[in-house]
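> Coordinates in model.txt, compact mmCIF, C-alpha atoms, are listed below.
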```
# COMPACT_ATOMS: atom_id res chain seq x y z
CA MET A 1 33.80 4.43 -4.29
CA LYS A 2 30.22 4.33 -3.08
CA ILE A 3 28.28 1.14 -3.82
CA ILE A 4 24.64 0.34 -3.04
CA HIS A 5 24.09 -3.41 -2.73
CA THR A 6 20.68 -5.04 -3.08
CA GLY A 7 19.42 -8.52 -3.88
CA ASP A 8 16.42 -10.83 -3.78
CA TRP A 9 13.85 -8.44 -5.18
CA HIS A 10 11.50 -11.30 -6.13
CA ILE A 11 9.37 -9.04 -8.30
CA GLY A 12 5.98 -10.67 -8.85
CA LYS A 13 6.09 -12.58 -5.55
CA ILE A 14 2.80 -13.94 -4.18
CA VAL A 15 2.68 -14.62 -0.44
CA ASN A 16 -0.25 -16.62 0.93
CA GLU A 17 -2.32 -15.63 -2.15
CA PHE A 18 -1.49 -11.92 -1.73
CA SER A 19 0.36 -10.28 -4.63
CA MET A 20 3.30 -8.19 -3.41
CA ILE A 21 3.58 -6.13 -6.60
CA GLU A 22 1.99 -2.98 -5.15
CA ASP A 23 4.30 -3.14 -2.13
CA GLN A 24 7.29 -3.69 -4.41
CA LYS A 25 6.40 -0.66 -6.57
CA PHE A 26 6.11 1.51 -3.46
CA TYR A 27 9.43 0.25 -2.07
CA LEU A 28 11.29 0.69 -5.35
CA ASP A 29 10.07 4.30 -5.61
CA ARG A 30 11.58 4.91 -2.16
CA LEU A 31 14.75 3.15 -3.28
CA ILE A 32 15.04 5.58 -6.21
CA GLU A 33 14.80 8.43 -3.69
CA LEU A 34 17.68 6.87 -1.72
CA LEU A 35 19.77 6.67 -4.88
CA GLU A 36 19.03 10.32 -5.66
CA GLU A 37 20.19 11.22 -2.15
CA GLU A 38 23.30 9.00 -1.96
CA LYS A 39 24.44 9.32 -5.62
CA PRO A 40 26.37 6.01 -5.61
CA ASP A 41 28.97 5.13 -8.24
CA VAL A 42 27.52 1.62 -8.68
CA PHE A 43 24.21 -0.13 -8.00
CA ILE A 44 24.20 -3.92 -7.48
CA ILE A 45 21.40 -6.52 -7.71
CA ALA A 46 22.77 -9.86 -6.46
CA GLY A 47 20.23 -12.23 -8.01
CA ASP A 48 16.60 -13.34 -7.68
CA ILE A 49 15.39 -10.24 -9.48
CA TYR A 50 12.15 -12.02 -10.36
CA ASP A 51 10.35 -14.55 -8.19
CA ARG A 52 9.98 -17.14 -10.93
CA SER A 53 11.63 -18.01 -14.19
CA VAL A 54 8.65 -16.83 -16.27
CA PRO A 55 7.63 -13.58 -14.57
CA PRO A 56 4.22 -11.95 -15.15
CA ALA A 57 4.07 -9.02 -17.56
CA GLU A 58 3.51 -6.55 -14.72
CA ALA A 59 6.73 -7.69 -13.02
CA VAL A 60 8.70 -7.16 -16.23
CA GLU A 61 7.22 -3.68 -16.55
CA VAL A 62 8.17 -2.82 -12.95
CA LEU A 63 11.78 -3.85 -13.52
CA ASP A 64 11.95 -2.00 -16.83
CA ASN A 65 10.70 1.23 -15.23
CA VAL A 66 13.10 1.03 -12.28
CA LEU A 67 16.19 0.25 -14.34
CA SER A 68 15.32 3.01 -16.81
CA LYS A 69 15.18 5.56 -13.99
CA ILE A 70 18.43 4.39 -12.39
CA ILE A 71 20.42 4.20 -15.63
CA LEU A 72 18.93 6.82 -17.94
CA GLU A 73 17.80 9.47 -15.46
CA LEU A 74 20.27 9.06 -12.58
CA ASN A 75 23.19 7.84 -14.73
CA ILE A 76 24.13 5.14 -12.20
CA PRO A 77 25.59 1.93 -13.68
CA VAL A 78 23.70 -1.23 -12.68
CA LEU A 79 25.48 -4.57 -12.20
CA ALA A 80 23.10 -7.52 -11.87
CA ILE A 81 23.28 -11.31 -11.89
CA SER A 82 20.68 -14.07 -12.04
CA GLY A 83 19.73 -16.02 -8.93
CA ASN A 84 18.23 -19.48 -8.54
CA HIS A 85 14.70 -18.09 -9.05
CA ASP A 86 15.55 -16.29 -12.30
CA SER A 87 15.66 -17.53 -15.86
CA PRO A 88 19.27 -16.90 -16.97
CA GLU A 89 18.26 -16.78 -20.63
CA ARG A 90 15.55 -14.19 -20.07
CA LEU A 91 17.78 -11.94 -17.97
CA SER A 92 20.63 -12.20 -20.47
CA PHE A 93 18.47 -11.10 -23.42
CA GLY A 94 19.70 -7.78 -24.83
CA SER A 95 22.54 -7.47 -22.29
CA LYS A 96 25.14 -6.83 -25.01
CA LEU A 97 23.06 -3.99 -26.44
CA LEU A 98 22.44 -2.40 -23.04
CA LYS A 99 25.93 -2.39 -21.57
CA ASP A 100 26.81 0.86 -23.39
CA LYS A 101 23.95 2.46 -21.45
CA GLY A 102 25.37 1.26 -18.13
CA LEU A 103 23.35 -1.93 -17.60
CA TYR A 104 25.51 -5.00 -17.04
CA ILE A 105 23.48 -8.18 -16.57
CA GLU A 106 25.06 -11.62 -16.32
CA GLY A 107 22.30 -14.20 -16.50
CA MET A 108 23.92 -17.17 -18.21
CA PHE A 109 26.97 -18.78 -16.62
CA ASN A 110 29.84 -18.70 -19.08
CA LYS A 111 33.29 -20.16 -18.86
CA GLU A 112 34.73 -16.69 -18.41
CA ILE A 113 33.46 -14.70 -15.41
CA LYS A 114 32.46 -11.26 -16.65
CA LYS A 115 34.56 -8.35 -15.37
CA VAL A 116 33.27 -4.78 -15.33
CA THR A 117 35.81 -2.09 -14.44
CA ILE A 118 34.61 1.24 -13.06
CA LYS A 119 37.00 4.02 -12.11
CA ASP A 120 36.93 6.47 -9.23
CA GLU A 121 39.45 9.08 -8.08
CA PHE A 122 41.73 6.33 -6.73
CA GLY A 123 41.79 4.12 -9.83
CA ASN A 124 40.09 0.95 -11.03
CA VAL A 125 37.54 -1.12 -9.17
CA ASN A 126 36.96 -4.48 -10.88
CA PHE A 127 33.52 -6.05 -10.44
CA TYR A 128 33.22 -9.77 -11.20
CA LEU A 129 29.70 -10.98 -12.03
CA LEU A 130 29.20 -14.66 -11.14
CA PRO A 131 25.52 -15.68 -11.50
CA TYR A 132 23.99 -18.61 -9.65
CA VAL A 133 25.35 -21.87 -11.06
CA ASP A 134 25.11 -25.42 -9.76
CA PRO A 135 28.05 -27.84 -9.58
CA ALA A 136 26.71 -30.00 -12.44
CA LYS A 137 26.86 -27.04 -14.82
CA VAL A 138 30.44 -26.18 -13.81
CA ARG A 139 31.39 -29.84 -14.15
CA LEU A 140 29.89 -29.95 -17.64
CA VAL A 141 31.41 -26.68 -18.89
CA TYR A 142 34.92 -27.48 -17.68
CA LYS A 143 34.69 -31.27 -18.10
CA ILE A 144 36.02 -31.89 -14.58
CA ASP A 145 34.54 -34.89 -12.76
CA ASN A 146 35.53 -34.09 -9.18
CA ILE A 147 33.30 -31.00 -8.81
CA ARG A 148 30.47 -32.35 -6.64
CA THR A 149 29.48 -29.60 -4.21
CA TYR A 150 28.84 -25.87 -4.48
CA ASP A 151 32.04 -25.29 -2.54
CA ASP A 152 33.98 -27.42 -5.03
CA ALA A 153 32.55 -25.35 -7.87
CA MET A 154 33.27 -22.00 -6.22
CA LYS A 155 36.80 -22.99 -5.23
CA PHE A 156 37.53 -24.03 -8.81
CA LEU A 157 36.00 -20.89 -10.37
CA ILE A 158 37.87 -18.53 -8.05
CA GLY A 159 41.06 -20.46 -8.81
CA GLU A 160 40.49 -19.85 -12.52
CA LEU A 161 39.77 -16.18 -11.92
CA GLU A 162 42.89 -15.78 -9.78
CA LYS A 163 45.06 -16.48 -12.81
CA ASP A 164 44.15 -13.09 -14.30
CA ILE A 165 43.03 -10.92 -11.37
CA ASN A 166 45.00 -7.77 -10.62
CA LYS A 167 45.67 -7.91 -6.89
CA ASP A 168 47.03 -4.36 -6.92
CA GLU A 169 43.57 -3.04 -7.76
CA ARG A 170 40.36 -3.22 -5.76
CA ASN A 171 38.15 -6.20 -6.60
CA VAL A 172 34.48 -6.90 -5.87
CA LEU A 173 32.59 -10.17 -6.44
CA ILE A 174 28.82 -10.38 -7.00
CA THR A 175 27.40 -13.89 -6.55
CA HIS A 176 24.46 -15.92 -5.19
CA GLY A 177 24.36 -18.84 -2.73
CA TYR A 178 24.98 -20.02 0.86
CA VAL A 179 28.31 -18.60 2.06
CA THR A 180 29.61 -19.29 5.58
CA PHE A 181 32.83 -19.53 7.57
CA ASN A 182 31.30 -22.46 9.46
CA ILE A 183 30.96 -24.87 6.53
CA GLU A 184 31.26 -27.99 8.70
CA ASP A 185 27.96 -27.21 10.45
CA LYS A 186 25.84 -28.53 7.60
CA GLU A 187 22.86 -29.35 9.82
CA ASN A 188 22.44 -25.69 10.82
CA LYS A 189 23.46 -24.28 7.43
CA GLY A 190 26.68 -22.90 8.83
CA ASP A 191 24.84 -20.79 11.45
CA LEU A 192 23.36 -18.58 8.73
CA GLU A 193 20.07 -16.81 9.42
CA LEU A 194 17.56 -18.50 7.12
CA SER A 195 13.90 -18.00 6.24
CA ASP A 196 11.12 -20.17 4.84
CA SER A 197 11.00 -18.33 1.50
CA GLU A 198 14.55 -19.27 0.45
CA ARG A 199 14.44 -22.17 -1.99
CA PRO A 200 16.92 -24.94 -1.00
CA LEU A 201 19.70 -25.44 -3.56
CA SER A 202 20.51 -29.04 -2.61
CA ILE A 203 20.20 -31.56 0.21
CA GLY A 204 22.70 -32.68 2.82
CA GLY A 205 24.56 -29.40 3.15
CA THR A 206 26.34 -29.70 -0.22
CA ASP A 207 25.18 -26.17 -1.10
CA LEU A 208 27.36 -24.47 1.55
CA ILE A 209 30.30 -22.38 0.26
CA ASP A 210 33.35 -21.61 2.38
CA GLY A 211 33.90 -17.89 2.93
CA LYS A 212 37.66 -18.50 2.76
CA ASN A 213 37.29 -18.81 -1.01
CA PHE A 214 36.88 -15.03 -1.20
CA ASP A 215 40.16 -13.79 0.25
CA LEU A 216 40.97 -12.17 -3.11
CA PHE A 217 38.14 -9.66 -2.87
CA ASN A 218 37.75 -6.40 -1.02
CA TYR A 219 33.98 -6.85 -0.97
CA VAL A 220 31.62 -9.74 -1.79
CA ALA A 221 28.01 -8.77 -2.57
CA LEU A 222 25.84 -11.82 -1.87
CA GLY A 223 22.30 -12.74 -2.74
CA HIS A 224 19.99 -15.63 -1.75
CA LEU A 225 19.44 -15.19 2.01
CA HIS A 226 16.58 -12.84 2.88
CA GLY A 227 17.92 -11.74 6.25
CA PRO A 228 20.47 -8.89 6.04
CA GLN A 229 23.68 -10.27 7.55
CA LYS A 230 27.43 -10.18 7.31
CA VAL A 231 29.55 -13.29 6.91
CA GLY A 232 32.61 -13.09 9.13
CA GLY A 233 32.74 -9.29 8.82
CA ASN A 234 31.64 -6.36 6.68
CA ARG A 235 33.73 -7.53 3.73
CA ILE A 236 31.25 -10.33 2.86
CA ARG A 237 27.59 -9.43 3.17
CA TYR A 238 24.03 -10.42 2.29
CA SER A 239 21.90 -7.38 1.56
CA GLY A 240 18.75 -9.39 2.31
CA SER A 241 15.47 -9.17 0.43
CA LEU A 242 13.71 -5.87 -0.19
CA LEU A 243 10.57 -6.93 1.68
CA LYS A 244 9.40 -9.59 4.12
CA TYR A 245 8.15 -12.59 2.16
CA SER A 246 7.24 -15.15 4.87
CA ILE A 247 6.18 -15.37 8.50
CA SER A 248 9.74 -16.41 9.35
CA GLU A 249 10.93 -12.96 8.22
CA CYS A 250 8.56 -10.97 10.44
CA ARG A 251 11.28 -10.22 13.01
CA GLN A 252 13.93 -9.36 10.42
CA LYS A 253 14.99 -5.74 10.11
CA LYS A 254 15.33 -5.10 6.39
CA SER A 255 17.88 -2.56 5.23
CA ILE A 256 19.98 -1.45 2.27
CA PRO A 257 23.78 -1.53 2.72
CA VAL A 258 25.57 1.57 1.43
CA ILE A 259 29.20 0.54 0.95
CA GLU A 260 32.16 2.91 1.00
CA LEU A 261 35.25 1.34 -0.58
CA ASN A 262 38.28 3.51 0.21
CA ARG A 263 41.62 3.93 -1.54
CA ASP A 264 43.12 0.92 0.26
CA GLY A 265 40.12 -1.31 -0.42
CA ASP A 266 38.81 -1.19 3.15
CA VAL A 267 35.04 -1.28 3.56
CA GLU A 268 32.65 0.80 5.65
CA VAL A 269 28.95 -0.07 5.72
CA ASP A 270 25.98 2.17 6.47
CA LEU A 271 22.66 0.30 6.72
CA ARG A 272 19.75 2.41 5.49
CA GLU A 273 16.13 1.51 6.23
CA ILE A 274 13.45 2.27 3.65
CA PRO A 275 9.78 2.76 4.58
CA VAL A 276 7.34 0.11 3.37
CA LEU A 277 3.72 0.32 2.29
CA ARG A 278 2.71 -2.50 4.63
CA ASP A 279 4.76 -4.31 7.26
CA MET A 280 4.42 -8.05 7.90
CA ARG A 281 3.95 -9.04 11.53
CA VAL A 282 2.44 -11.51 13.98
CA ILE A 283 -0.29 -10.49 16.40
CA GLU A 284 -1.49 -12.61 19.30
CA GLY A 285 -4.31 -12.55 21.79
CA PRO A 286 -7.98 -13.43 22.33
CA LEU A 287 -10.29 -12.60 19.43
CA ASP A 288 -12.30 -9.93 21.26
CA THR A 289 -9.11 -8.05 22.11
CA LEU A 290 -7.69 -8.30 18.61
CA ILE A 291 -10.83 -7.01 16.88
CA ASN A 292 -11.03 -4.02 19.24
CA ARG A 293 -9.57 -1.15 17.21
CA ASP A 294 -8.57 0.70 20.38
CA THR A 295 -6.02 -2.08 20.97
CA HIS A 296 -4.17 -1.09 17.80
CA ARG A 297 -3.90 2.68 18.03
CA GLY A 298 -0.89 3.86 16.08
CA ASP A 299 -0.61 0.58 14.15
CA ASN A 300 -1.13 0.23 10.42
CA LEU A 301 -4.24 -1.94 10.17
CA ASN A 302 -3.40 -2.61 6.50
CA ASP A 303 -0.23 -4.51 7.47
CA TYR A 304 0.06 -8.16 6.52
CA VAL A 305 -0.66 -10.07 9.72
CA PHE A 306 -0.43 -13.64 10.94
CA VAL A 307 -2.83 -14.13 13.84
CA ASN A 308 -2.28 -16.37 16.87
CA LEU A 309 -5.58 -16.73 18.73
CA THR A 310 -5.32 -17.58 22.42
CA ASP A 311 -9.04 -18.16 23.09
CA GLU A 312 -9.79 -21.21 25.23
CA GLY A 313 -13.42 -21.59 24.16
CA GLU A 314 -15.21 -21.91 20.84
CA VAL A 315 -14.42 -19.27 18.21
CA ILE A 316 -17.02 -18.63 15.52
CA ASP A 317 -16.03 -17.17 12.12
CA ALA A 318 -12.81 -15.66 13.45
CA ILE A 319 -11.30 -14.92 10.06
CA SER A 320 -14.22 -12.73 8.94
CA LYS A 321 -14.20 -10.77 12.18
CA LEU A 322 -10.43 -10.26 11.95
CA ARG A 323 -10.57 -9.15 8.31
CA ALA A 324 -13.10 -6.48 9.23
CA VAL A 325 -10.20 -4.88 11.16
CA PHE A 326 -7.15 -6.31 9.34
CA PRO A 327 -8.04 -6.71 5.64
CA ASN A 328 -4.69 -8.40 4.92
CA VAL A 329 -4.78 -11.36 7.29
CA MET A 330 -2.35 -13.94 5.86
CA GLY A 331 -2.74 -16.72 8.39
CA LEU A 332 -4.66 -17.80 11.47
CA LYS A 333 -4.00 -20.45 14.10
CA MET A 334 -5.02 -21.34 17.64
CA VAL A 335 -2.18 -21.14 20.16
CA ASN A 336 -3.76 -21.41 23.60
CA ALA A 337 -1.53 -22.21 26.54
CA THR A 338 -2.07 -25.96 26.31
CA VAL A 339 -1.12 -26.05 22.64
CA ARG A 340 2.14 -24.17 23.25
CA ASP A 341 3.24 -26.83 25.72
CA THR A 342 1.99 -29.88 23.82
CA ASP A 343 3.81 -31.81 21.13
CA SER A 344 2.02 -31.93 17.79
CA ARG A 345 -0.16 -34.99 17.28
CA THR A 346 -2.84 -36.22 14.89
CA SER A 347 -6.12 -38.03 15.29
CA ALA A 348 -4.74 -40.84 13.15
CA SER A 349 -2.05 -41.79 15.64
CA GLY A 350 -1.82 -45.40 16.68
CA ASN A 351 -4.03 -48.11 15.20
CA PHE A 352 -6.83 -45.71 14.25
CA ARG A 353 -8.85 -48.33 12.32
CA GLU A 354 -9.61 -50.13 15.58
CA LYS A 355 -10.52 -47.01 17.57
CA PRO A 356 -14.17 -46.11 18.19
CA MET A 357 -15.45 -42.96 16.46
CA THR A 358 -15.77 -41.00 19.71
CA GLU A 359 -12.13 -41.66 20.58
CA LEU A 360 -10.99 -40.66 17.09
CA PHE A 361 -12.89 -37.39 17.31
CA SER A 362 -11.54 -36.77 20.81
CA ASP A 363 -7.99 -37.18 19.47
CA PHE A 364 -8.79 -34.78 16.64
CA TYR A 365 -10.29 -32.23 19.06
CA LEU A 366 -7.18 -32.45 21.26
CA SER A 367 -4.84 -31.90 18.31
CA ILE A 368 -6.77 -28.81 17.19
CA LYS A 369 -7.74 -27.23 20.52
CA GLY A 370 -4.85 -28.44 22.66
CA LYS A 371 -7.18 -29.75 25.37
CA SER A 372 -9.44 -32.75 25.88
CA MET A 373 -13.20 -32.69 25.28
CA ASP A 374 -15.27 -32.39 28.41
CA ASP A 375 -18.21 -34.73 29.18
CA GLU A 376 -20.76 -32.29 27.77
CA ARG A 377 -19.04 -32.13 24.37
CA ILE A 378 -18.61 -35.91 24.28
CA GLU A 379 -22.35 -36.32 24.94
CA VAL A 380 -23.22 -33.86 22.16
CA PHE A 381 -20.93 -35.68 19.73
CA ASN A 382 -22.39 -39.08 20.64
CA ASN A 383 -25.94 -37.78 20.09
CA ILE A 384 -24.98 -36.43 16.66
CA LEU A 385 -23.29 -39.74 15.85
CA GLU A 386 -26.39 -41.72 16.82
CA GLU A 387 -28.67 -39.46 14.78
CA SER A 388 -26.31 -39.84 11.83
CA LYS A 389 -26.53 -43.61 12.04
CA ARG A 390 -30.34 -43.40 12.05
CA GLY A 391 -30.21 -41.14 8.97
CA LYS A 392 -31.46 -38.03 10.74
CA VAL A 393 -28.35 -35.93 10.06
```
Have the structure of the file written as structure tokens, please.

Amino acid sequence: MKIIHTGDWHIGKIVNEFSMIEDQKFYLDRLIELLEEEKPDVFIIAGDIYDRSVPPAEAVEVLDNVLSKIILELNIPVLAISGNHDSPERLSFGSKLLKDKGLYIEGMFNKEIKKVTIKDEFGNVNFYLLPYVDPAKVRLVYKIDNIRTYDDAMKFLIGELEKDINKDERNVLITHGYVTFNIEDKENKGDLELSDSERPLSIGGTDLIDGKNFDLFNYVALGHLHGPQKVGGNRIRYSGSLLKYSISECRQKKSIPVIELNRDGDVEVDLREIPVLRDMRVIEGPLDTLINRDTHRGDNLNDYVFVNLTDEGEVIDAISKLRAVFPNVMGLKMVNATVRDTDSRTSASGNFREKPMTELFSDFYLSIKGKSMDDERIEVFNNILEESKRGKV
């Protein structure tokens, strides 16, 4: 059986005041082309379909158009769950009416984990749809007091499912959360590759789930982490997000896993890259070099860029000059050599109320520029300060 696994679409996402909806439409059109080419038996969305619980109308329209093409035109069944960004109630609406068309959405967590069985030439493949659910909800539904962590909840739910699962058939789980085989390393999130755009589920490492819970399954399709990665092997995998949604994702190589599940339940994975409308990347250098278009031959100047300026001297109106070349500048900071080697500090360090104004400003200048003010700048500042006191400024 051929399965295409996706997750973390975040339709309607806004990054640094830039709407990603145009990029998402472009990407999803290319994804439809991949589906036409691969002709999978099943298409999975492992949560965080929308970026927020009340998505904008345009985001709802985008999802409606994509699902209509996949289900009605390509005749590919879609199995989807809610993630921690989604509204379970909104995603669940109409799901009973749509399942006959091939759309299976599990938004609300129910006591019984939904099973969808799809046949291929070798027999049944059972897909279990477990949406994002926190331990408090599981504790409430089952009235069990000792479920405190996400691992407790998952261990209990899989134990309940094991009572009825057919181990002679192939079984796939779709779920959403932090899964690792290094659950004791709570400080480093079990050595998972994380990004800044993933919303924490709890504090203190209680959101980690042990990968050993999933021994029953031939494949586990995970959502939540934006970096494509496997957990212990190809059998448990994060598809990653469709697009880059933060500066921490700039180095990630996004891809779509195409899963082949053979007669014996063994898994082969082919990672397929899809072209994007605009990449997200970091550029670095002095301003004059960066605004010289000859420096960027062959690059897409419409990419989303975060700029690290390395100028040592004064920089006037850098953002306007950069946007004349890169219209989609998302961030700008100074990173000259001194700053890179200096610990962060603020002008309010120490007993700032007792410091003279010149010293306070010198501290501020150092924190911003990464170097101390020279005598000429100190003299200029003192002159301005004196004129200010006399009411001339």
> With distances taken over all atoms listed in the file, which residue among A:Asp207, A:Glu169, A:Asp29, A:Glu249 lies nearest Glu187 in chain A?
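Closest candidate: A:Asp207.
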> What does the structure give for the distance between CA of Leu208 in chain A and CA of Asn126 in chain A, in Å to one decimal?
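Here the two named atoms are 25.4 Å from each other.
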> Can you pull out the residues contacting range 33-35 of chain A? Cut-off 9 Å, using all atoms listed in the file, and skip same-chain residues under 2 positions away; I want them as a compact mmCIF listing (two decimals) with C-alpha atoms, in the coordinates of the input.

```
# COMPACT_ATOMS: atom_id res chain seq x y z
CA ILE A 4 24.64 0.34 -3.04
CA LEU A 28 11.29 0.69 -5.35
CA ASP A 29 10.07 4.30 -5.61
CA ARG A 30 11.58 4.91 -2.16
CA LEU A 31 14.75 3.15 -3.28
CA GLU A 37 20.19 11.22 -2.15
CA GLU A 38 23.30 9.00 -1.96
CA LYS A 39 24.44 9.32 -5.62
CA PRO A 40 26.37 6.01 -5.61
CA PHE A 43 24.21 -0.13 -8.00
CA ILE A 70 18.43 4.39 -12.39
CA LEU A 74 20.27 9.06 -12.58
CA ILE A 76 24.13 5.14 -12.20
CA ARG A 272 19.75 2.41 5.49
CA ILE A 274 13.45 2.27 3.65
```
> Put a box with edges along x, y and z around all the listed atoms of range 249-252 of chain A, pad it by 8 Å on each side, then give me its centre and sizes in Å, one decimal, as lines of an AutoDock Vina configuration file.

```
center_x = 11.2
center_y = -11.2
center_z = 10.6
size_x = 21.4
size_y = 19.6
size_z = 20.8
```
> Looking at all atoms listed in the file, which of A:Leu161, A:Val42, A:Leu98, A:Val133 is the one that sits closest to Phe217 in chain A?
A:Leu161
> When distances are computed from only C-alpha atoms, which of A:Tyr219, A:Ile44, A:Gly83, A:Pro131 shows the smallest separation from Leu103 in chain A?
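Among the listed residues, A:Ile44 lies closest to Leu103 in chain A.
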> Counting only C-alpha atoms, which of A:Asp288, A:Glu376, A:Glu58, A:Glu121 gets nearest to Asp41 in chain A?
A:Glu121
> One decimal, Å: what's the distance from CA of Gly265 in chain A over to CA of Asn171 in chain A, could you say?
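Separating CA of Gly265 in chain A from CA of Asn171 in chain A is a distance of 8.1 Å.
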> Go ahead and find all residues with at least one atom no further than 12 Å from (7.0, -8.9, -14.7) in the file's coordinates, using only C-alpha atoms; report them as a VMD selection string.
chain A and resid 9 to 13 20 to 21 24 to 25 49 to 66 86 90 to 91
> Have a look at CA of Lys212 in chain A and CA of Lys155 in chain A and let me know their distance in Å, one decimal.
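So the answer is 9.2 Å.
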> Of the candidates A:Asp264, A:Asp210, A:Glu89, A:Asp299, which shows the shortest atom-to-atom distance to Phe122 in chain A, using only C-alpha atoms?
A:Asp264
> Hey, which of A:Ile45, A:Leu301, A:Leu72, A:Val267 ends up closest to Ser239 in chain A? Count only C-alpha atoms.
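The shortest atom-to-atom distance to Ser239 in chain A comes from A:Ile45.
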> Can you pull out every residue within 7 Å of range 302-307 of chain A, counting all atoms listed in the file, but drop anything in the same chain fewer than 3 positions away, and send it as a list in words?
Arg278, Asp279, Met280, Arg281, Val282, Ile283, Glu284, Phe326, Pro327, Asn328, Val329, Met330, Gly331, Leu332 and Lys333 of chain A
> Would you mind listing what lies within 7 Å of Thr206 in chain A as a CSV table (one decimal) with C-alpha atoms, in the frame of the given file, with all atoms listed in the file counted and same-chain residues fewer than 3 positions away left out?

```
chain,number,residue,atom,x,y,z
A,149,THR,CA,29.5,-29.6,-4.2
A,150,TYR,CA,28.8,-25.9,-4.5
A,202,SER,CA,20.5,-29.0,-2.6
A,203,ILE,CA,20.2,-31.6,0.2
```
> Name all residues at most 8 Å from range 312-319 of chain A (count only C-alpha atoms; drop same-chain ones fewer than 2 positions away) and give them as JSON, numbers by chain.
{"A": [287, 310, 321, 322, 323, 329, 332, 336, 369]}
> Excluding range 253-261 of chain A and its own-chain neighbours fewer than 4 positions away, which residues fall within 8 Å of it when counting only C-alpha atoms? Please give them as a VMD selection string.
chain A and resid 1 to 6 227 to 228 239 to 244 265 to 274
> Please write as an mmCIF file with C-alpha atoms, in the frame of the given file the list of polymer residues whose atoms come within 12 Å of (21.5, -21.8, 8.9), counting all atoms listed in the file and keeping to the coordinates of the file.

```
data_model
loop_
_atom_site.group_PDB
_atom_site.id
_atom_site.type_symbol
_atom_site.label_atom_id
_atom_site.label_comp_id
_atom_site.auth_asym_id
_atom_site.auth_seq_id
_atom_site.Cartn_x
_atom_site.Cartn_y
_atom_site.Cartn_z
ATOM 1 C CA TYR A 178 24.980 -20.020 0.860
ATOM 2 C CA VAL A 179 28.310 -18.600 2.060
ATOM 3 C CA THR A 180 29.610 -19.290 5.580
ATOM 4 C CA PHE A 181 32.830 -19.530 7.570
ATOM 5 C CA ASN A 182 31.300 -22.460 9.460
ATOM 6 C CA ILE A 183 30.960 -24.870 6.530
ATOM 7 C CA GLU A 184 31.260 -27.990 8.700
ATOM 8 C CA ASP A 185 27.960 -27.210 10.450
ATOM 9 C CA LYS A 186 25.840 -28.530 7.600
ATOM 10 C CA GLU A 187 22.860 -29.350 9.820
ATOM 11 C CA ASN A 188 22.440 -25.690 10.820
ATOM 12 C CA LYS A 189 23.460 -24.280 7.430
ATOM 13 C CA GLY A 190 26.680 -22.900 8.830
ATOM 14 C CA ASP A 191 24.840 -20.790 11.450
ATOM 15 C CA LEU A 192 23.360 -18.580 8.730
ATOM 16 C CA GLU A 193 20.070 -16.810 9.420
ATOM 17 C CA LEU A 194 17.560 -18.500 7.120
ATOM 18 C CA SER A 195 13.900 -18.000 6.240
ATOM 19 C CA ASP A 196 11.120 -20.170 4.840
ATOM 20 C CA GLU A 198 14.550 -19.270 0.450
ATOM 21 C CA PRO A 200 16.920 -24.940 -1.000
ATOM 22 C CA GLY A 205 24.560 -29.400 3.150
ATOM 23 C CA ASP A 207 25.180 -26.170 -1.100
ATOM 24 C CA LEU A 208 27.360 -24.470 1.550
ATOM 25 C CA LEU A 225 19.440 -15.190 2.010
ATOM 26 C CA HIS A 226 16.580 -12.840 2.880
ATOM 27 C CA GLY A 227 17.920 -11.740 6.250
ATOM 28 C CA GLN A 229 23.680 -10.270 7.550
ATOM 29 C CA VAL A 231 29.550 -13.290 6.910
#
```
> Export N, CA and C atoms of range 196-204 of chain A from the structure just given, as a PDB file, in the first residue's frame?

```pdb
ATOM      1  N   ASP A 196      11.245  27.101  16.496  1.00  0.00           N
ATOM      2  CA  ASP A 196      10.599  28.119  17.322  1.00  0.00           C
ATOM      3  C   ASP A 196       9.092  28.207  17.107  1.00  0.00           C
ATOM      4  N   SER A 197       8.584  27.676  15.987  1.00  0.00           N
ATOM      5  CA  SER A 197       7.166  27.826  15.682  1.00  0.00           C
ATOM      6  C   SER A 197       6.303  26.695  16.222  1.00  0.00           C
ATOM      7  N   GLU A 198       6.906  25.759  16.957  1.00  0.00           N
ATOM      8  CA  GLU A 198       6.134  24.676  17.569  1.00  0.00           C
ATOM      9  C   GLU A 198       5.682  25.099  18.964  1.00  0.00           C
ATOM     10  N   ARG A 199       4.397  25.140  19.172  1.00  0.00           N
ATOM     11  CA  ARG A 199       3.848  25.588  20.447  1.00  0.00           C
ATOM     12  C   ARG A 199       4.097  24.525  21.516  1.00  0.00           C
ATOM     13  N   PRO A 200       4.733  24.885  22.658  1.00  0.00           N
ATOM     14  CA  PRO A 200       4.955  23.905  23.725  1.00  0.00           C
ATOM     15  C   PRO A 200       3.630  23.336  24.223  1.00  0.00           C
ATOM     16  N   LEU A 201       3.625  22.054  24.579  1.00  0.00           N
ATOM     17  CA  LEU A 201       2.408  21.407  25.055  1.00  0.00           C
ATOM     18  C   LEU A 201       2.336  21.403  26.575  1.00  0.00           C
ATOM     19  N   SER A 202       3.485  21.508  27.239  1.00  0.00           N
ATOM     20  CA  SER A 202       3.527  21.540  28.698  1.00  0.00           C
ATOM     21  C   SER A 202       4.905  22.027  29.107  1.00  0.00           C
ATOM     22  N   ILE A 203       5.157  22.051  30.404  1.00  0.00           N
ATOM     23  CA  ILE A 203       6.475  22.438  30.902  1.00  0.00           C
ATOM     24  C   ILE A 203       7.100  21.254  31.627  1.00  0.00           C
ATOM     25  N   GLY A 204       8.427  21.267  31.727  1.00  0.00           N
ATOM     26  CA  GLY A 204       9.122  20.263  32.514  1.00  0.00           C
ATOM     27  C   GLY A 204       9.288  18.920  31.842  1.00  0.00           C
TER      28      GLY A 204
END
```
